[in-house]
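See structure below.
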2 protein chains.
Amino acid sequence: MSELNLLRQTIHFEDPLPLQSGASLSHYDLVVETYGKLNAQANNAVLICHALNASHHVAGPSPDDPKDIGWWDNMVGPGKPVDTNLFFVIGVNNLGSCFGSTGPMSINPESKEPYGAHFPVVTVEDWVEAQARLADRLGIRCFAAVMGGSLGGMQAMAWATQYPERVAHCVVIASTPKLSAQNIAFNEVARNAILSDPDFHGGNYYKYGVVPKSGLRLARMVGHITYLSGDDMAEKFGRDLQRAVGASDEYKFSFDVEFAVESYLRHQGDKFSTYFDANTYLLITRALDYFDPARRFDGDLSRALAKAQAQFLVISFSTDWRFAPERSREIVKALLDNKHQVTYAEIDAPHGHDAFLLDDLRYHGIARAYFEKIYEQIETKIGST
Amino acid sequence: MSELNLLRQTIHFEDPLPLQSGASLSHYDLVVETYGKLNAQANNAVLICHALNASHHVAGPSPDDPKDIGWWDNMVGPGKPVDTNLFFVIGVNNLGSCFGSTGPMSINPESKEPYGAHFPVVTVEDWVEAQARLADRLGIRCFAAVMGGSLGGMQAMAWATQYPERVAHCVVIASTPKLSAQNIAFNEVARNAILSDPDFHGGNYYKYGVVPKSGLRLARMVGHITYLSGDDMAEKFGRDLQRAVGASDEYKFSFDVEFAVESYLRHQGDKFSTYFDANTYLLITRALDYFDPARRFDGDLSRALAKAQAQFLVISFSTDWRFAPERSREIVKALLDNKHQVTYAEIDAPHGHDAFLLDDLRYHGIARAYFEKIYEQIETKIGST
């Protein structure tokens, strides 16, 4: 088999899902993509958890738009570090997101209108609960690995303690055990941009036929700055002016786009505001803010991670100032305090937080080697049964 | 004399001021505060240049509101590092600002309406030209020192090359020879928040009786994040919840203020939006973006600073990630390349960019010692004439 074997499905769940907030979802859909094949022992499954603006569509060309390539296609696929010739890989769009799973744009069964502002606040832990039900439905008792970058890494960590016996390996990339005040501050600015957009209509903009486009655009612009390293921005744009070839390189003395970096940010913001849902942006940034597994243990992350049984791979990137290596080292320390098995790699990469999505030889080399080891363990287990 | 001897005046200039953009201001006012007394030789004058949101009101209680203390009151005054018992200190509100000097809120003599969006883009170099005319008017041929922090430091640098013979000492604090792509990116987000506020009305909001409050608020919030260090934010707020004493410390699961850092940022943004002008925000951030003295010298800062004659004091702060010490070292290197006299201090302070406004023993100690040296030079000169 060297096909990606992509299968996209929408799975409906009828049992109410109680949420951390006290609310519950009476029933819900999850959009899921799978790649590769689940083996007979059902022990080669890898769950990929997405971050803020990604989705179930992890690898390969989308079934409905061949030009839409999965967001982690360089990591997942036949012959890739997470090799779909060996592993059965699952991508799932989280609750509250805007790519088909139940979220603010879905119809609220009570009001028969889109949920909008009435969609409940969801947390990383809630997502894990929903993902666990998905695993049940797919017949997966224990994942070979749960894996994610950034917010996805938080989900992997949460899995390791919410369902310790269901995760053999936990792969946490460019993540953090909790947001810093500065991280929260950036999220707060982004949310305020959306909340103060007159087209937001208190979250119920769908029925007005508008979207808070300028709020979303600003949210994305500020977010984007935090995804890149300062050096990376300097390298990519520096103080280059945005000019047609041969045009004057004198300043224009205006507030229009003048520098290349402005053009880039506006473009990113514009593009984002055409496809992403503002309520989802609020929900997912809040899930980031709230994640703090040590909170119930007086801030002691070691105690919070005590009951994990998985082996861990933790990876950070030197120029990531959003979730700096220091934050990953906190996770590593807490795991070591518990004598958990952990492999830690700090990758010297120039691309800031975004590095986890990019194709870097050393980074992918480590991921590849780690998943080869996982596969050997699976083989051994199959051989011994 | 141990009085501050504050004198506030509005000085009118009739000669048209040609600007870098090619536009000109036909006539204009500058609001000025002076402290201390100009000596008979007129060689004890210190010009204080302000940054984004400050004004002419540098020291002491404001004449019209005793509770309004000058923005650099810990630095300037009787017995302070810049001792007004010895020096004649001048604070001037820059053109385009919103504290009384001619700016977007002023009446455009051509249209008889507020300038609004028609106020010309002004640059650091333009401000220096206006300040030079002010110096002429005040009878100051050569400043004992031109001094500023952040954007104020850029003005001091510009003085040293635009009027080399008129600056004995140049004091550049928490500044940079030019904005980085990341610096520009943050400014661009702030400007876009203002430009996309429906109450902005293309910059001519005055006649609608509104101000783009939510845009200004967002601009300030994002700015504020860059003024503090991450560690400082962690120290001040951490992940503390914003709660009344004795209230539950459970999450509220909402998008309202939840964390203390959110409350702080909203408060800062709200406060700012009540007193600052949005067009001024656009103008001053653009002046920051455009400043790049090396630009006319193929990016060679050493050549750009070649004709300076002043002695320099350059100060940076270890946790300032907006204009990091590295940026100050670029200035120092360029000065040394020219064999200019420069004293450089890198202060280990936790408060990020804002540190230049705070009372830090080592920082103020260096400033004090340096100004004592300046005064000795003045005394010597007076003695020898």
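Chain labels follow the order of the structure tokens: the first chain is A, the next B, and so on; residue numbering restarts at 1 in every chain, and ligands are counted from 1 in their shown order.
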
(message) Taking only segment 76-299 of chain A into account, list the residues labelled alpha helix (DSSP H) by DSSP (computed from the backbone), as a PyMOL selection string.
(response) chain A and resi 124-138+151-162+181-195+213-227+230-236+260-275+278-290

| said: Could you list, as JSON, numbers by chain, every residue within 12 Å of Ala158 of chain B, counting only C-alpha atoms and ignoring same-chain residues fewer than 5 positions away? | reply: {"B": [49, 123, 124, 125, 126, 127, 128, 129, 131, 132, 146, 147, 148, 151, 152, 153, 163, 164, 166, 167, 170, 171, 172, 176, 177, 178, 291, 292, 293, 294, 304, 305, 307, 308, 310]}

Interface residues on chain B facing chain A, 8 Å, only C-alpha atoms, written as a PyMOL selection string: chain B and resi 21+121+179-182+184-186+188-189+191-193+196-197+214+218+221-222+225+230+233-234+237-239+251-255+261-262+265+282+286+290

Q | All residues 12 Å or closer to His56 of chain B, only C-alpha atoms, same chain fewer than 3 positions away omitted, as number ranges by chain | A | B: 6-10, 30-35, 47-51, 53, 59-60, 62, 69-73, 89-95, 97-101, 131, 152

Name the residues in contact with Pro104 of chain A at a cut-off of 9 Å, using only C-alpha atoms, excluding same-chain residues fewer than 3 positions from it; report them as a VMD selection string. chain A and resid 96 to 98 107 to 108 114 to 120 203 277 279 to 280

Just-selected residues, all heavy atoms written as a short mmCIF file (atom, residue, chain, number, x, y, z; two decimals), in the first residue's frame:
```
data_model
loop_
_atom_site.label_atom_id
_atom_site.label_comp_id
_atom_site.auth_asym_id
_atom_site.auth_seq_id
_atom_site.Cartn_x
_atom_site.Cartn_y
_atom_site.Cartn_z
N GLY A 96 -16.74 23.27 18.05
CA GLY A 96 -16.60 24.72 18.12
C GLY A 96 -15.85 25.30 16.95
O GLY A 96 -15.85 26.51 16.74
N SER A 97 -15.20 24.44 16.18
CA SER A 97 -14.48 24.91 15.00
C SER A 97 -15.48 25.13 13.85
O SER A 97 -16.69 24.99 14.04
CB SER A 97 -13.39 23.92 14.62
OG SER A 97 -12.64 24.42 13.53
N CYS A 98 -14.96 25.51 12.71
CA CYS A 98 -15.86 25.96 11.64
C CYS A 98 -15.65 25.22 10.34
O CYS A 98 -15.86 25.76 9.26
CB CYS A 98 -15.69 27.47 11.43
SG CYS A 98 -13.95 27.97 11.24
N ILE A 107 -26.78 24.56 13.59
CA ILE A 107 -28.12 24.88 14.09
C ILE A 107 -28.27 24.39 15.53
O ILE A 107 -28.03 23.22 15.83
CB ILE A 107 -29.20 24.26 13.18
CG1 ILE A 107 -29.11 24.84 11.76
CG2 ILE A 107 -30.60 24.49 13.77
CD1 ILE A 107 -29.32 26.35 11.67
N ASN A 108 -28.65 25.30 16.38
CA ASN A 108 -28.95 24.99 17.78
C ASN A 108 -30.29 24.27 17.82
O ASN A 108 -31.31 24.84 17.42
CB ASN A 108 -29.00 26.31 18.56
CG ASN A 108 -29.28 26.11 20.04
OD1 ASN A 108 -29.72 25.04 20.46
ND2 ASN A 108 -29.00 27.15 20.81
N PRO A 114 -28.73 29.27 14.08
CA PRO A 114 -27.32 28.99 14.38
C PRO A 114 -27.02 29.31 15.85
O PRO A 114 -27.54 30.29 16.39
CB PRO A 114 -26.55 29.93 13.44
CG PRO A 114 -27.49 30.20 12.32
CD PRO A 114 -28.87 30.19 12.92
N TYR A 115 -26.18 28.50 16.46
CA TYR A 115 -25.80 28.74 17.86
C TYR A 115 -25.29 30.16 18.08
O TYR A 115 -25.67 30.83 19.03
CB TYR A 115 -24.66 27.79 18.27
CG TYR A 115 -25.07 26.41 18.72
CD1 TYR A 115 -24.95 25.33 17.86
CD2 TYR A 115 -25.53 26.19 20.01
CE1 TYR A 115 -25.28 24.04 18.28
CE2 TYR A 115 -25.86 24.91 20.44
CZ TYR A 115 -25.74 23.84 19.56
OH TYR A 115 -26.05 22.59 19.99
N GLY A 116 -24.40 30.60 17.21
CA GLY A 116 -23.80 31.93 17.40
C GLY A 116 -23.22 32.05 18.79
O GLY A 116 -22.48 31.18 19.26
N ALA A 117 -23.58 33.14 19.48
CA ALA A 117 -23.02 33.40 20.80
C ALA A 117 -23.48 32.37 21.83
O ALA A 117 -22.93 32.31 22.94
CB ALA A 117 -23.43 34.80 21.27
N HIS A 118 -24.47 31.56 21.48
CA HIS A 118 -24.97 30.58 22.45
C HIS A 118 -24.21 29.27 22.43
O HIS A 118 -24.50 28.37 23.22
CB HIS A 118 -26.46 30.32 22.21
CG HIS A 118 -27.29 31.55 22.40
ND1 HIS A 118 -27.51 32.10 23.64
CD2 HIS A 118 -27.89 32.38 21.51
CE1 HIS A 118 -28.25 33.20 23.52
NE2 HIS A 118 -28.48 33.39 22.22
N PHE A 119 -23.24 29.17 21.51
CA PHE A 119 -22.44 27.94 21.54
C PHE A 119 -21.61 27.96 22.81
O PHE A 119 -20.97 28.96 23.13
CB PHE A 119 -21.54 27.83 20.30
CG PHE A 119 -20.98 26.45 20.13
CD1 PHE A 119 -21.72 25.48 19.48
CD2 PHE A 119 -19.74 26.12 20.66
CE1 PHE A 119 -21.21 24.18 19.35
CE2 PHE A 119 -19.23 24.83 20.54
CZ PHE A 119 -19.97 23.86 19.87
N PRO A 120 -21.63 26.86 23.56
CA PRO A 120 -20.92 26.88 24.85
C PRO A 120 -19.40 26.98 24.69
O PRO A 120 -18.85 26.52 23.69
CB PRO A 120 -21.30 25.53 25.48
CG PRO A 120 -21.69 24.66 24.34
CD PRO A 120 -22.27 25.57 23.30
N GLY A 203 -22.25 38.27 18.38
CA GLY A 203 -22.01 36.87 18.03
C GLY A 203 -23.09 36.27 17.15
O GLY A 203 -22.96 35.14 16.66
N ASP A 277 -14.40 31.49 10.97
CA ASP A 277 -15.57 32.01 11.68
C ASP A 277 -15.13 32.75 12.95
O ASP A 277 -14.32 32.25 13.73
CB ASP A 277 -16.50 30.87 12.06
CG ASP A 277 -17.70 31.37 12.84
OD1 ASP A 277 -18.47 32.18 12.29
OD2 ASP A 277 -17.84 30.99 14.03
N ASN A 279 -16.79 33.55 15.73
CA ASN A 279 -17.13 32.91 17.01
C ASN A 279 -16.16 31.78 17.33
O ASN A 279 -15.80 31.56 18.49
CB ASN A 279 -18.56 32.36 16.96
CG ASN A 279 -19.60 33.46 17.14
OD1 ASN A 279 -19.48 34.31 18.02
ND2 ASN A 279 -20.62 33.45 16.30
N THR A 280 -15.75 31.06 16.30
CA THR A 280 -14.77 30.00 16.49
C THR A 280 -13.45 30.58 16.99
O THR A 280 -12.79 30.01 17.86
CB THR A 280 -14.56 29.21 15.18
OG1 THR A 280 -15.73 28.48 14.90
CG2 THR A 280 -13.39 28.25 15.27
#
```

Item to complete: Record the distance separating atom CA of Tyr208 of chain A and atom CA of Ala278 of chain A, expressed in Å with one decimal.
Response: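 Taking atom CA of Tyr208 of chain A as the start and atom CA of Ala278 of chain A as the end point, the length is 14.1 Å.
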
### Task
Determine which residues of segment 141-279 of chain A DSSP labels as strand (DSSP E or B) from the backbone of this structure, then write them out as a PyMOL selection string.
chain A and resi 143+145-149+167+169-173+241+259

Those residues you just picked out, can you put them in a file as an mmCIF file, in the first residue's frame with all heavy atoms?
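For reference, out.cif as written:
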```cif
data_model
loop_
_atom_site.group_PDB
_atom_site.id
_atom_site.type_symbol
_atom_site.label_atom_id
_atom_site.label_comp_id
_atom_site.auth_asym_id
_atom_site.auth_seq_id
_atom_site.Cartn_x
_atom_site.Cartn_y
_atom_site.Cartn_z
ATOM 1 N N PHE A 143 -4.315 4.444 21.475
ATOM 2 C CA PHE A 143 -3.597 5.049 20.349
ATOM 3 C C PHE A 143 -2.102 4.707 20.417
ATOM 4 O O PHE A 143 -1.511 4.756 21.510
ATOM 5 C CB PHE A 143 -3.741 6.572 20.374
ATOM 6 C CG PHE A 143 -5.071 7.058 19.875
ATOM 7 C CD1 PHE A 143 -6.038 7.539 20.759
ATOM 8 C CD2 PHE A 143 -5.362 7.038 18.512
ATOM 9 C CE1 PHE A 143 -7.275 7.988 20.294
ATOM 10 C CE2 PHE A 143 -6.593 7.485 18.043
ATOM 11 C CZ PHE A 143 -7.553 7.958 18.934
ATOM 12 N N ALA A 145 -0.126 6.708 19.117
ATOM 13 C CA ALA A 145 0.322 8.046 19.508
ATOM 14 C C ALA A 145 -0.811 9.049 19.387
ATOM 15 O O ALA A 145 -1.669 8.943 18.498
ATOM 16 C CB ALA A 145 1.497 8.503 18.651
ATOM 17 N N VAL A 146 -0.823 9.996 20.307
ATOM 18 C CA VAL A 146 -1.623 11.214 20.146
ATOM 19 C C VAL A 146 -0.615 12.345 19.984
ATOM 20 O O VAL A 146 0.342 12.439 20.765
ATOM 21 C CB VAL A 146 -2.555 11.463 21.345
ATOM 22 C CG1 VAL A 146 -3.329 12.764 21.152
ATOM 23 C CG2 VAL A 146 -3.504 10.298 21.534
ATOM 24 N N MET A 147 -0.846 13.182 18.977
ATOM 25 C CA MET A 147 0.209 14.096 18.522
ATOM 26 C C MET A 147 -0.389 15.441 18.147
ATOM 27 O O MET A 147 -1.476 15.501 17.554
ATOM 28 C CB MET A 147 0.844 13.464 17.292
ATOM 29 C CG MET A 147 1.878 14.318 16.579
ATOM 30 S SD MET A 147 2.487 13.400 15.114
ATOM 31 C CE MET A 147 3.957 14.344 14.746
ATOM 32 N N GLY A 148 0.317 16.500 18.486
ATOM 33 C CA GLY A 148 -0.141 17.799 18.030
ATOM 34 C C GLY A 148 0.891 18.882 18.273
ATOM 35 O O GLY A 148 1.800 18.724 19.100
ATOM 36 N N GLY A 149 0.766 19.975 17.559
ATOM 37 C CA GLY A 149 1.629 21.131 17.747
ATOM 38 C C GLY A 149 0.827 22.266 18.342
ATOM 39 O O GLY A 149 -0.372 22.408 18.093
ATOM 40 N N VAL A 167 -3.201 5.892 25.610
ATOM 41 C CA VAL A 167 -2.170 6.590 24.832
ATOM 42 C C VAL A 167 -0.825 5.924 25.074
ATOM 43 O O VAL A 167 -0.296 5.978 26.182
ATOM 44 C CB VAL A 167 -2.057 8.071 25.268
ATOM 45 C CG1 VAL A 167 -1.119 8.829 24.326
ATOM 46 C CG2 VAL A 167 -3.421 8.738 25.346
ATOM 47 N N HIS A 169 1.986 6.676 23.171
ATOM 48 C CA HIS A 169 2.973 7.751 23.017
ATOM 49 C C HIS A 169 2.263 9.096 22.875
ATOM 50 O O HIS A 169 1.219 9.185 22.216
ATOM 51 C CB HIS A 169 3.858 7.507 21.792
ATOM 52 C CG HIS A 169 4.782 6.359 21.953
ATOM 53 N ND1 HIS A 169 6.056 6.488 22.444
ATOM 54 C CD2 HIS A 169 4.592 5.020 21.714
ATOM 55 C CE1 HIS A 169 6.635 5.299 22.486
ATOM 56 N NE2 HIS A 169 5.757 4.378 22.055
ATOM 57 N N CYS A 170 2.863 10.087 23.473
ATOM 58 C CA CYS A 170 2.286 11.427 23.460
ATOM 59 C C CYS A 170 3.328 12.357 22.823
ATOM 60 O O CYS A 170 4.441 12.492 23.340
ATOM 61 C CB CYS A 170 1.991 11.812 24.911
ATOM 62 S SG CYS A 170 1.239 13.412 25.090
ATOM 63 N N VAL A 171 2.959 12.987 21.716
ATOM 64 C CA VAL A 171 3.922 13.817 20.986
ATOM 65 C C VAL A 171 3.477 15.275 21.061
ATOM 66 O O VAL A 171 2.434 15.655 20.505
ATOM 67 C CB VAL A 171 4.053 13.349 19.523
ATOM 68 C CG1 VAL A 171 5.083 14.202 18.791
ATOM 69 C CG2 VAL A 171 4.424 11.871 19.467
ATOM 70 N N VAL A 172 4.257 16.058 21.785
ATOM 71 C CA VAL A 172 3.884 17.437 22.129
ATOM 72 C C VAL A 172 4.890 18.391 21.482
ATOM 73 O O VAL A 172 6.051 18.442 21.884
ATOM 74 C CB VAL A 172 3.899 17.620 23.659
ATOM 75 C CG1 VAL A 172 3.532 19.051 24.034
ATOM 76 C CG2 VAL A 172 2.960 16.619 24.326
ATOM 77 N N ILE A 173 4.447 19.161 20.500
ATOM 78 C CA ILE A 173 5.376 19.973 19.708
ATOM 79 C C ILE A 173 5.044 21.456 19.851
ATOM 80 O O ILE A 173 3.876 21.852 19.738
ATOM 81 C CB ILE A 173 5.305 19.557 18.224
ATOM 82 C CG1 ILE A 173 5.573 18.046 18.092
ATOM 83 C CG2 ILE A 173 6.286 20.367 17.376
ATOM 84 C CD1 ILE A 173 5.355 17.493 16.696
ATOM 85 N N LEU A 241 10.273 48.115 0.875
ATOM 86 C CA LEU A 241 9.041 48.793 0.503
ATOM 87 C C LEU A 241 8.238 47.892 -0.433
ATOM 88 O O LEU A 241 8.800 47.085 -1.179
ATOM 89 C CB LEU A 241 9.347 50.128 -0.173
ATOM 90 C CG LEU A 241 10.175 51.116 0.666
ATOM 91 C CD1 LEU A 241 10.432 52.397 -0.108
ATOM 92 C CD2 LEU A 241 9.451 51.431 1.976
ATOM 93 N N PHE A 259 5.308 49.321 3.478
ATOM 94 C CA PHE A 259 6.339 48.304 3.652
ATOM 95 C C PHE A 259 5.782 46.917 3.288
ATOM 96 O O PHE A 259 4.589 46.651 3.460
ATOM 97 C CB PHE A 259 6.830 48.297 5.101
ATOM 98 C CG PHE A 259 7.515 49.580 5.495
ATOM 99 C CD1 PHE A 259 6.798 50.611 6.100
ATOM 100 C CD2 PHE A 259 8.865 49.771 5.243
ATOM 101 C CE1 PHE A 259 7.423 51.797 6.450
ATOM 102 C CE2 PHE A 259 9.500 50.955 5.599
ATOM 103 C CZ PHE A 259 8.782 51.972 6.200
#
```

At what distance in Å, to one decimal, does atom CA of Gly223 of chain A lie from atom CA of Gly269 of chain A?
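That distance, rounded to one decimal, is 9.5 Å.
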
Checklist line | Interatomic distance, atom CA of Ser302 of chain A to atom CA of Asp337 of chain A (Å, one decimal) | finding: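 Spanning atom CA of Ser302 of chain A to atom CA of Asp337 of chain A is a straight-line distance of 6.2 Å.
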
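Every protein, DNA or RNA residue with an atom at most 10 Å from Tyr363 of chain A, where only C-alpha atoms count and chain neighbours fewer than 2 positions away do not, is listed here: A:Pro81, A:Ile315, A:Ser316, A:Phe317, A:Ala345, A:Glu346, A:Ile347, A:Asp348, A:Ala349, A:Ala355, A:Phe356, A:Leu358, A:Asp359, A:Asp360, A:Leu361, A:Gly365, A:Ile366, A:Ala367, A:Arg368.
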